[in-house]
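In what follows, a single structure is set out as structure tokens and then discussed.
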Amino acid sequence: MRVRIDEKDFLKYPFLKESQKFVGSYAGSPDRFITTPTGRAALLDAKHRILSAIGAPGAPSPGSASTDSEGIRVAVSGYALARLIVSCLKDRLITDRFTRYESGKAYEFLLDEDPGKKEYIAASLGLDTHSPAIPLVPYVELTSGMRDERWRLVNRDVSAGMVSIRAHESDELLREGIRLVIGRNLPLPVPENVCALFSAIAGEISAAEQQHLLEQFGTVEESSFPPCMQALITALSAGTNISHPGRFALTAFLHNIGMGPQEIIQLFCRAPDFDLNRTMYQVEHISGRGGTEYTAPSCAAMRTTGVCTKKDALCERISHPLNYYKQKKRSGKKAGSPGSGDVLVDSNTGGTHGEDKTSKGDKVRDPGRHHGGKQDEQDDEKDQA
Ligand code: SF4
């Protein structure tokens, strides 16, 4: 049976090639488009999409798009503009949240979708919703970001290069497939002159994200640091050199929770092999002076590099040191090792971490997918919800 994808479907599934073709039929170049009434409305739609994705307060609720012809044009081109803006931001966290937000919306529509259309959309993602098995390579690609143990190959029946799928799991795979398709080419290589068109909106989004992060993490509370970070700080304070992965993890973690470069450098100056220039370079590199910021590695990555130490009970429930920190702060519990939370601040600094002006405007970016950081964070958030 032939499936007809119409304009209302473009609104629901803007990632489909038909939807993108539709945008191409009327939008033209971004610089001209955003000066038209439809383009201006689409730019606003793009901003709202990204703000909703990062959970910024005041962002419009999903599903408020008008379904008339103009509303559909605004929404579908809003999605396309949002991809450009996200690409210009080069912020791993925003990209990740955007792809999850958009895939979540599309998935909600798919749950009530006509079976033939749902099948068509799945097929466009390379999925057969009726098949009881998936070839090994696509399976691994599809499930690499799914944390539940049941997706691991060791927990699956694999036969003749095919991985078995239970009937109720196809929707989950479909959702993940949409997320991967939406995120596949992000960030797009957008020319600088095009990014300049979005600089005001990009600035608003960055400020909203920073505000959101500040609300999430608040002021630095050393007593809520995870055991791995406390161990690294204790080692530094004792004048012990720490490994390169340990330095990276600690620097990124401290930066992510809002500590400024000067305070981080002060901490590292206790190491016996301290070299000011090298340390400044490393800290500034990790905290984004080179245009890319890093997120602290996930617990899995920390285990691989031998930096996960002295796990405690809370560690069993999280998959990222930043989530440990957030949850510990939230619960107000004391840190595992008595007194270890006090070693971080040099009493001579007299500073409050959250007030360091050098950290204002910074963003948490995760260019290293291998760390799995932001995704794990989000998964932990979902788990706790
Ligand atoms: S489980 Fe995670 S948070 Fe806990 S010590 Fe290991 S790396 Fe740190």
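Identifiers in this document derive from the order of the structure tokens: chains are assigned A, B, ..., residues are numbered from 1 separately in each chain, and ligands are numbered from 1 in order of occurrence.
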Checklist entry - Using the chain letters and numbers from this document, which residues of stretch 99-210 of chain A does DSSP assign to helix (DSSP H, G or I), as a PyMOL selection string? => result chain A and resi 99-111+115-124+136-143+149-151+153-155+167-183+192-197+199-210
For the residues in that selection, give me C-alpha atoms as a compact mmCIF listing (two decimals), in the first residue's frame.
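To be explicit, this is the file written out as result-v2.txt:
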# COMPACT_ATOMS: atom_id res chain seq x y z
CA THR A 99 17.96 15.86 19.37
CA ARG A 100 16.27 14.27 22.39
CA TYR A 101 13.59 16.91 22.49
CA GLU A 102 12.80 16.64 18.79
CA SER A 103 12.87 12.85 18.76
CA GLY A 104 10.63 12.80 21.84
CA LYS A 105 8.06 15.00 20.13
CA ALA A 106 8.08 12.93 16.95
CA TYR A 107 7.80 9.74 18.97
CA GLU A 108 4.68 11.02 20.76
CA PHE A 109 3.04 11.56 17.38
CA LEU A 110 4.12 8.13 16.19
CA LEU A 111 2.43 6.40 19.11
CA PRO A 115 0.15 1.86 11.20
CA GLY A 116 1.03 2.19 7.51
CA LYS A 117 2.54 5.63 8.05
CA LYS A 118 4.41 4.49 11.12
CA GLU A 119 5.85 1.62 9.14
CA TYR A 120 6.86 3.99 6.35
CA ILE A 121 8.64 6.32 8.78
CA ALA A 122 10.40 3.39 10.43
CA ALA A 123 11.49 2.13 7.01
CA SER A 124 12.87 5.57 6.16
CA LEU A 136 24.25 -6.93 14.15
CA VAL A 137 25.93 -3.74 12.88
CA PRO A 138 22.78 -1.55 12.78
CA TYR A 139 21.77 -3.00 16.14
CA VAL A 140 25.03 -1.91 17.74
CA GLU A 141 24.78 1.52 16.14
CA LEU A 142 21.19 1.91 17.27
CA THR A 143 21.67 0.81 20.86
CA GLU A 149 21.43 -3.70 30.46
CA ARG A 150 18.94 -5.59 28.32
CA TRP A 151 20.29 -3.87 25.18
CA LEU A 153 24.73 -7.89 23.24
CA VAL A 154 25.56 -10.38 26.00
CA ASN A 155 21.91 -10.22 27.04
CA ALA A 167 7.81 -7.15 19.94
CA HIS A 168 7.38 -4.39 22.52
CA GLU A 169 10.92 -3.10 21.95
CA SER A 170 10.47 -1.89 18.39
CA ASP A 171 8.96 1.43 19.50
CA GLU A 172 11.94 2.15 21.74
CA LEU A 173 14.28 1.40 18.86
CA LEU A 174 12.22 3.62 16.62
CA ARG A 175 12.54 6.51 19.03
CA GLU A 176 16.29 5.99 19.29
CA GLY A 177 16.51 5.72 15.50
CA ILE A 178 14.80 9.11 15.16
CA ARG A 179 17.19 10.63 17.67
CA LEU A 180 20.18 9.31 15.77
CA VAL A 181 18.84 10.57 12.45
CA ILE A 182 18.14 14.02 13.85
CA GLY A 183 21.60 14.20 15.38
CA GLU A 192 30.42 31.99 9.59
CA ASN A 193 28.43 34.60 7.69
CA VAL A 194 25.31 32.47 8.16
CA CYS A 195 26.04 31.94 11.87
CA ALA A 196 26.35 35.72 12.17
CA LEU A 197 22.67 35.96 11.20
CA SER A 199 24.25 35.60 16.75
CA ALA A 200 21.60 37.46 18.78
CA ILE A 201 19.46 34.35 19.24
CA ALA A 202 22.52 32.21 19.90
CA GLY A 203 23.51 34.67 22.65
CA GLU A 204 20.05 34.45 24.22
CA ILE A 205 20.17 30.66 24.15
CA SER A 206 23.66 30.57 25.66
CA ALA A 207 22.60 32.92 28.45
CA ALA A 208 19.48 30.81 29.13
CA GLU A 209 21.57 27.66 29.20
CA GLN A 210 24.06 29.21 31.59
Give me the chain A side of the contact with ligand 1, cut-off 10 Å, one line per residue showing its nearest atom pair and distance in Å at one decimal, counting only C-alpha atoms and all ligand atoms, sorted by chain and residue number, as a Markdown table.
| residue | atom | partner | partner_atom_place_in_ligand_line | distance |
| --- | --- | --- | --- | --- |
| A:Phe225 | CA | ligand 1 | 3 (S) | 8.4 |
| A:Pro226 | CA | ligand 1 | 3 (S) | 4.9 |
| A:Pro227 | CA | ligand 1 | 5 (S) | 4.7 |
| A:Cys228 | CA | ligand 1 | 5 (S) | 4.1 |
| A:Met229 | CA | ligand 1 | 8 (Fe) | 6.6 |
| A:Gln230 | CA | ligand 1 | 5 (S) | 8.8 |
| A:Ala231 | CA | ligand 1 | 5 (S) | 8.7 |
| A:Ala249 | CA | ligand 1 | 7 (S) | 9.4 |
| A:Ala296 | CA | ligand 1 | 7 (S) | 9.8 |
| A:Pro297 | CA | ligand 1 | 7 (S) | 8.1 |
| A:Ser298 | CA | ligand 1 | 7 (S) | 6.7 |
| A:Cys299 | CA | ligand 1 | 7 (S) | 3.9 |
| A:Ala300 | CA | ligand 1 | 7 (S) | 7.1 |
| A:Ala301 | CA | ligand 1 | 7 (S) | 7.9 |
| A:Met302 | CA | ligand 1 | 7 (S) | 5.1 |
| A:Arg303 | CA | ligand 1 | 7 (S) | 6.4 |
| A:Thr304 | CA | ligand 1 | 7 (S) | 9.7 |
| A:Thr305 | CA | ligand 1 | 7 (S) | 9.9 |
| A:Gly306 | CA | ligand 1 | 7 (S) | 9.0 |
| A:Val307 | CA | ligand 1 | 7 (S) | 6.7 |
| A:Cys308 | CA | ligand 1 | 6 (Fe) | 3.7 |
| A:Thr309 | CA | ligand 1 | 5 (S) | 5.0 |
| A:Lys310 | CA | ligand 1 | 5 (S) | 5.7 |
| A:Lys311 | CA | ligand 1 | 5 (S) | 4.3 |
| A:Asp312 | CA | ligand 1 | 4 (Fe) | 6.6 |
| A:Ala313 | CA | ligand 1 | 4 (Fe) | 8.6 |
| A:Leu314 | CA | ligand 1 | 4 (Fe) | 7.3 |
| A:Cys315 | CA | ligand 1 | 4 (Fe) | 4.2 |
| A:Glu316 | CA | ligand 1 | 1 (S) | 6.7 |
| A:Arg317 | CA | ligand 1 | 1 (S) | 8.6 |
| A:Ile318 | CA | ligand 1 | 2 (Fe) | 7.0 |
| A:Ser319 | CA | ligand 1 | 2 (Fe) | 6.0 |
| A:His320 | CA | ligand 1 | 2 (Fe) | 5.4 |
| A:Pro321 | CA | ligand 1 | 3 (S) | 3.9 |
| A:Leu322 | CA | ligand 1 | 3 (S) | 7.5 |
| A:Asn323 | CA | ligand 1 | 3 (S) | 7.8 |
| A:Tyr324 | CA | ligand 1 | 3 (S) | 5.6 |
| A:Tyr325 | CA | ligand 1 | 3 (S) | 8.0 |
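The protein and nucleic acid residues lying at most 8 Å from A:Ala271 are Leu236, Ser237, Gly239, Thr240, Asn241 and Ile242 of chain A, with only C-alpha atoms considered and sequence neighbours fewer than 6 positions away removed.
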Next on the checklist: I'd like to know which residues of stretch 4-226 of chain A are strand (DSSP E or B) (by DSSP, run on the backbone); could you write them as an MDAnalysis selection string?
Outcome noted: chainID A and resid 133:135 158:159 162:164
